[in-house]
file upload-v6.csv (CSV, C-alpha atoms)
chain,number,residue,atom,x,y,z
A,179,MET,CA,-34.4,8.7,10.6
A,180,SER,CA,-34.8,5.0,9.8
A,181,HIS,CA,-33.5,5.6,6.2
A,182,HIS,CA,-30.3,7.2,7.6
A,183,THR,CA,-29.9,4.2,10.1
A,184,ALA,CA,-30.3,1.7,7.2
A,185,ARG,CA,-27.8,3.6,5.0
A,186,GLU,CA,-25.3,3.6,7.8
A,187,SER,CA,-25.6,-0.2,8.0
A,188,TYR,CA,-24.8,-0.5,4.3
A,189,ARG,CA,-21.9,2.0,4.6
A,190,LYS,CA,-20.4,-0.2,7.4
A,191,LEU,CA,-20.9,-3.3,5.3
A,192,SER,CA,-19.2,-1.5,2.3
A,193,GLU,CA,-16.2,-0.7,4.5
A,194,ARG,CA,-16.1,-4.4,5.6
A,195,ILE,CA,-16.1,-5.5,2.0
A,196,ASN,CA,-13.3,-3.2,1.1
A,197,ARG,CA,-11.1,-4.8,3.7
A,198,PHE,CA,-10.7,-7.6,1.2
A,199,PRO,CA,-7.7,-7.4,-1.1
A,200,GLN,CA,-10.3,-7.1,-3.9
A,201,GLY,CA,-13.1,-4.9,-2.7
A,202,ALA,CA,-15.8,-2.8,-4.4
A,203,PRO,CA,-15.8,1.0,-4.9
A,204,PRO,CA,-18.5,2.5,-2.6
A,205,THR,CA,-20.7,4.2,-5.1
A,206,GLU,CA,-24.4,4.8,-4.9
A,207,LEU,CA,-25.0,1.7,-7.2
A,208,LEU,CA,-23.1,-0.5,-4.8
A,209,PHE,CA,-25.3,0.6,-2.0
A,210,GLN,CA,-28.4,-0.2,-4.1
A,211,ILE,CA,-27.0,-3.7,-4.8
A,212,LEU,CA,-26.3,-4.3,-1.1
A,213,GLU,CA,-29.8,-3.2,-0.3
A,214,VAL,CA,-31.1,-6.0,-2.5
A,215,LEU,CA,-28.8,-8.6,-1.1
A,216,PHE,CA,-28.9,-7.8,2.6
A,217,THR,CA,-31.5,-6.5,5.0
A,218,PRO,CA,-30.3,-3.6,7.1
A,219,ALA,CA,-30.0,-5.9,10.1
A,220,GLU,CA,-28.0,-8.4,8.1
A,221,ALA,CA,-25.7,-5.7,6.8
A,222,GLU,CA,-25.0,-4.5,10.3
A,223,LEU,CA,-24.1,-8.0,11.5
A,224,VAL,CA,-22.0,-9.0,8.5
A,225,ALA,CA,-20.0,-5.8,8.8
A,226,LEU,CA,-18.7,-7.1,12.2
A,227,LEU,CA,-17.4,-10.4,10.8
A,228,PRO,CA,-13.7,-11.1,10.4
A,229,ILE,CA,-12.0,-11.6,7.0
A,230,ARG,CA,-10.7,-15.0,7.8
A,231,PRO,CA,-12.9,-18.1,8.3
A,232,PHE,CA,-14.6,-18.2,11.6
A,233,THR,CA,-17.0,-20.3,13.6
A,234,ALA,CA,-20.6,-19.7,14.7
A,235,GLU,CA,-19.2,-19.3,18.2
A,236,THR,CA,-17.0,-16.4,17.0
A,237,ALA,CA,-19.9,-14.7,15.3
A,238,ALA,CA,-22.1,-15.2,18.4
A,239,LEU,CA,-19.5,-13.4,20.5
A,240,LEU,CA,-19.2,-10.5,18.0
A,241,TRP,CA,-23.0,-10.2,17.7
A,242,LYS,CA,-23.8,-10.8,21.4
A,243,LYS,CA,-26.2,-13.6,20.4
A,244,SER,CA,-26.5,-17.2,21.3
A,245,GLU,CA,-24.5,-19.6,19.2
A,246,THR,CA,-27.6,-21.3,17.9
A,247,GLU,CA,-29.1,-17.9,16.8
A,248,ALA,CA,-25.8,-16.9,15.2
A,249,ARG,CA,-25.6,-20.3,13.3
A,250,ASN,CA,-29.1,-19.9,12.0
A,251,ILE,CA,-28.3,-16.4,10.6
A,252,LEU,CA,-25.1,-17.6,9.0
A,253,GLU,CA,-26.7,-20.6,7.4
A,254,ALA,CA,-29.5,-18.5,6.1
A,255,LEU,CA,-27.0,-16.2,4.5
A,256,ALA,CA,-25.1,-19.2,3.1
A,257,SER,CA,-28.3,-20.5,1.6
A,258,ARG,CA,-28.5,-17.3,-0.5
A,259,GLY,CA,-24.8,-17.3,-1.4
A,260,MET,CA,-23.8,-14.4,0.8
A,261,MET,CA,-21.7,-16.6,3.1
A,262,LEU,CA,-19.7,-19.8,2.5
A,263,ASP,CA,-19.9,-22.7,5.0
A,264,ILE,CA,-17.0,-25.1,5.1
A,265,ASP,CA,-16.6,-28.4,6.8
A,266,SER,CA,-13.1,-28.5,8.3
A,267,ARG,CA,-11.1,-30.4,10.9
A,268,HIS,CA,-12.1,-27.6,13.3
A,269,GLY,CA,-15.8,-28.2,12.5
A,270,GLN,CA,-18.1,-26.0,10.5
A,271,MET,CA,-16.5,-22.7,9.5
A,272,PHE,CA,-18.0,-19.7,7.7
A,273,VAL,CA,-16.4,-17.0,5.5
A,274,MET,CA,-17.8,-14.1,3.6
A,275,PRO,CA,-16.8,-14.4,-0.1
A,276,PRO,CA,-15.4,-11.3,-1.9
A,277,PRO,CA,-17.6,-9.5,-4.4
A,278,MET,CA,-16.1,-11.1,-7.5
A,279,ALA,CA,-15.6,-14.0,-7.9
A,280,GLY,CA,-18.0,-14.3,-5.0
A,281,PHE,CA,-21.3,-13.1,-3.8
A,282,PHE,CA,-22.0,-11.0,-7.0
A,283,GLU,CA,-22.0,-14.2,-9.0
A,284,PHE,CA,-23.6,-16.3,-6.4
A,285,SER,CA,-26.6,-14.0,-6.2
A,286,MET,CA,-27.2,-14.6,-9.9
A,287,MET,CA,-26.6,-18.3,-9.8
A,288,ARG,CA,-29.2,-19.0,-7.1
A,289,ILE,CA,-32.5,-20.6,-8.2
A,290,GLY,CA,-35.5,-19.3,-6.3
A,291,ASP,CA,-37.0,-16.1,-5.2
A,292,HIS,CA,-34.2,-15.0,-2.8
A,293,TYR,CA,-33.6,-11.8,-4.8
A,294,ASP,CA,-35.2,-9.7,-7.5
A,295,GLN,CA,-32.7,-10.9,-10.1
A,296,LYS,CA,-34.1,-8.6,-12.8
A,297,LEU,CA,-33.3,-5.6,-10.6
A,298,LEU,CA,-29.9,-7.1,-9.7
A,299,ALA,CA,-29.1,-7.7,-13.4
A,300,GLU,CA,-29.9,-4.0,-14.2
A,301,LEU,CA,-27.8,-2.8,-11.2
A,302,PHE,CA,-24.9,-5.1,-12.0
A,303,TYR,CA,-24.9,-3.9,-15.6
A,304,GLN,CA,-24.7,-0.3,-14.5
A,305,TYR,CA,-22.1,-1.0,-11.9
A,306,LEU,CA,-19.9,-3.3,-13.9
A,307,ASN,CA,-20.4,-2.0,-17.5
A,308,VAL,CA,-21.3,1.7,-17.2
A,309,GLU,CA,-19.4,2.8,-14.2
A,310,GLU,CA,-15.7,2.0,-14.7
A,311,ASP,CA,-14.4,2.1,-11.1
A,312,PHE,CA,-15.0,-1.5,-10.2
A,313,VAL,CA,-13.7,-3.0,-13.4
A,314,LYS,CA,-10.5,-0.8,-13.3
A,315,ALA,CA,-9.9,-1.9,-9.7
A,316,LEU,CA,-10.5,-5.5,-10.6
A,317,PHE,CA,-8.2,-5.8,-13.5
A,318,ALA,CA,-5.8,-2.8,-13.6
A,319,THR,CA,-5.1,-1.3,-10.2
A,320,GLY,CA,-4.0,-2.4,-6.8
A,321,GLU,CA,-1.8,-5.3,-5.8
A,322,THR,CA,-4.4,-8.1,-6.2
A,323,GLN,CA,-6.2,-8.7,-9.5
A,324,ILE,CA,-8.3,-11.8,-10.0
A,325,GLY,CA,-8.3,-11.5,-13.8
A,326,ARG,CA,-5.6,-13.0,-15.9
A,327,ALA,CA,-4.9,-12.8,-19.6
A,328,PHE,CA,-3.7,-15.8,-21.6
A,329,VAL,CA,-2.2,-15.9,-25.0
A,330,ASN,CA,-4.5,-16.8,-27.9
A,331,GLU,CA,-2.4,-19.7,-29.1
A,332,ARG,CA,-4.3,-20.4,-32.3
A,333,VAL,CA,-3.2,-17.1,-33.9
A,334,LEU,CA,0.5,-17.5,-33.1
A,335,THR,CA,3.1,-18.2,-35.8
A,336,ALA,CA,5.6,-21.0,-35.2
A,337,GLU,CA,8.3,-18.4,-34.5
A,338,ASN,CA,6.2,-16.6,-31.9
A,339,THR,CA,5.2,-19.8,-30.2
A,340,LEU,CA,8.8,-20.3,-29.0
A,341,HIS,CA,8.5,-17.2,-26.9
A,342,VAL,CA,5.4,-18.3,-25.0
A,343,LEU,CA,6.1,-20.0,-21.7
A,344,ASP,CA,3.9,-22.8,-20.3
A,345,TYR,CA,2.4,-20.6,-17.5
A,346,GLU,CA,1.1,-18.3,-20.2
A,347,ARG,CA,-0.7,-21.0,-22.1
A,348,ALA,CA,-4.4,-21.7,-21.2
A,349,SER,CA,-4.0,-25.2,-22.8
A,350,ARG,CA,-1.2,-26.0,-20.3
A,351,VAL,CA,-3.3,-24.9,-17.4
A,352,VAL,CA,-6.1,-27.2,-18.5
A,353,GLU,CA,-3.8,-30.1,-19.1
A,354,THR,CA,-2.2,-29.9,-15.7
A,355,ALA,CA,-5.3,-29.1,-13.6
A,356,SER,CA,-6.1,-31.7,-11.0
A,357,HIS,CA,-9.8,-30.5,-10.9
A,358,ILE,CA,-12.0,-28.6,-13.2
A,359,GLY,CA,-15.3,-27.0,-12.3
A,360,SER,CA,-17.9,-25.3,-14.4
A,361,ALA,CA,-20.8,-23.1,-13.6
A,362,PRO,CA,-23.1,-20.6,-15.4
A,363,ALA,CA,-21.2,-17.4,-16.0
A,364,ILE,CA,-22.6,-14.4,-14.3
A,365,ALA,CA,-22.0,-12.2,-17.4
A,366,ALA,CA,-24.1,-14.5,-19.5
A,367,THR,CA,-26.9,-14.7,-16.9
A,368,ARG,CA,-26.8,-10.9,-16.4
A,369,ARG,CA,-26.9,-10.3,-20.2
A,370,ARG,CA,-29.8,-12.7,-20.6
A,371,ILE,CA,-31.9,-11.1,-17.9
A,372,TRP,CA,-30.8,-7.5,-18.9
A,373,GLY,CA,-31.5,-8.3,-22.5
A,374,ALA,CA,-35.0,-9.4,-21.6
A,375,ILE,CA,-35.5,-6.1,-19.7
A,376,ALA,CA,-34.1,-4.0,-22.5
A,377,LYS,CA,-36.3,-5.8,-25.1
A,378,ARG,CA,-39.4,-5.2,-23.1
A,379,ARG,CA,-38.5,-1.5,-22.7
A,380,TRP,CA,-37.9,-1.2,-26.5
A,381,THR,CA,-41.1,-2.9,-27.5
A,382,SER,CA,-43.1,-0.8,-25.1
A,383,VAL,CA,-42.0,2.5,-26.5

call {"tool": "encode", "arguments": {"input": "upload-v6.csv", "output": "structure tokens"}}
result
Amino acid sequence: MSHHTARESYRKLSERINRFPQGAPPTELLFQILEVLFTPAEAELVALLPIRPFTAETAALLWKKSETEARNILEALASRGMMLDIDSRHGQMFVMPPPMAGFFEFSMMRIGDHYDQKLLAELFYQYLNVEEDFVKALFATGETQIGRAFVNERVLTAENTLHVLDYERASRVVETASHIGSAPAIAATRRRIWGAIAKRRWTSV
């Protein structure tokens, strides 16, 4: 009975995630990923949160908890990358990031023992590289895609260069950017961890 109750919590969380413009197809692998990232109790609580930024007071009302208790839960989630906390003119605000670019990456970028990153790397590899539903939804279907293709300017002939507009040039985006940030890429981290797992499996045969 407890297994069914826990799975129901993750199903509700999956439905909440898929209220984002960019969600995640609810396959068995997604549920396994969510089980690593959230406890059943956390999944049930996060499933109740709004899409837009909210305060701890709002969460407390939704969860029927004290504001202090709600804030502690939200800050614990934020410390693991499952929630973003923002200082605004309205005070401290929280918002759940989408899967990608969002809590999928944050879970692999965290240092510490918050998660079993080797297990996550394997699950992400299967979900993102073997199953095609998520990647297709991310780059090819729906109204909102976070991926964007740029022209490879170095291979263009002078004649073809004339037909490439500024907004299609990665160089122009870099030149005009007011801020540039860098972080370890989830794909590289996932491949590094997954490669170590695969190597151990190969050498143990």

call {"tool": "closest_residue", "arguments": {"input": "upload-v6.csv", "among": "A:Leu239, A:Met278, A:Met286, A:Ala202", "to": "Leu215 of chain A", "atoms": "all atoms listed in the file"}}
result
A:Met286

call {"tool": "atom_distance", "arguments": {"input": "upload-v6.csv", "atom1": "atom CA of Leu212 of chain A", "atom2": "atom CA of Phe198 of chain A"}}
result
16.1 Å

call {"tool": "residues_around", "arguments": {"input": "upload-v6.csv", "residues": "segment 224-235 of chain A", "least_positions_apart": "6", "cutoff": "8 Å", "atoms": "all atoms listed in the file", "output": "MDAnalysis selection string"}}
result
chainID A and resid 187 190:195 197:198 241 245:246 248:249 252 270:274

call {"tool": "residues_near_point", "arguments": {"input": "upload-v6.csv", "point": "(-4.6, -14.3, -17.7)", "cutoff": "9 Å", "atoms": "all atoms listed in the file", "output": "PyMOL selection string"}}
result
chain A and resi 324-329+346-348

call {"tool": "atom_distance", "arguments": {"input": "upload-v6.csv", "atom1": "atom CA of Pro218 of chain A", "atom2": "atom CA of Asp265 of chain A"}}
result
28.3 Å

call {"tool": "atom_distance", "arguments": {"input": "upload-v6.csv", "atom1": "atom CA of Glu283 of chain A", "atom2": "atom CA of Gly259 of chain A"}}
result
8.7 Å
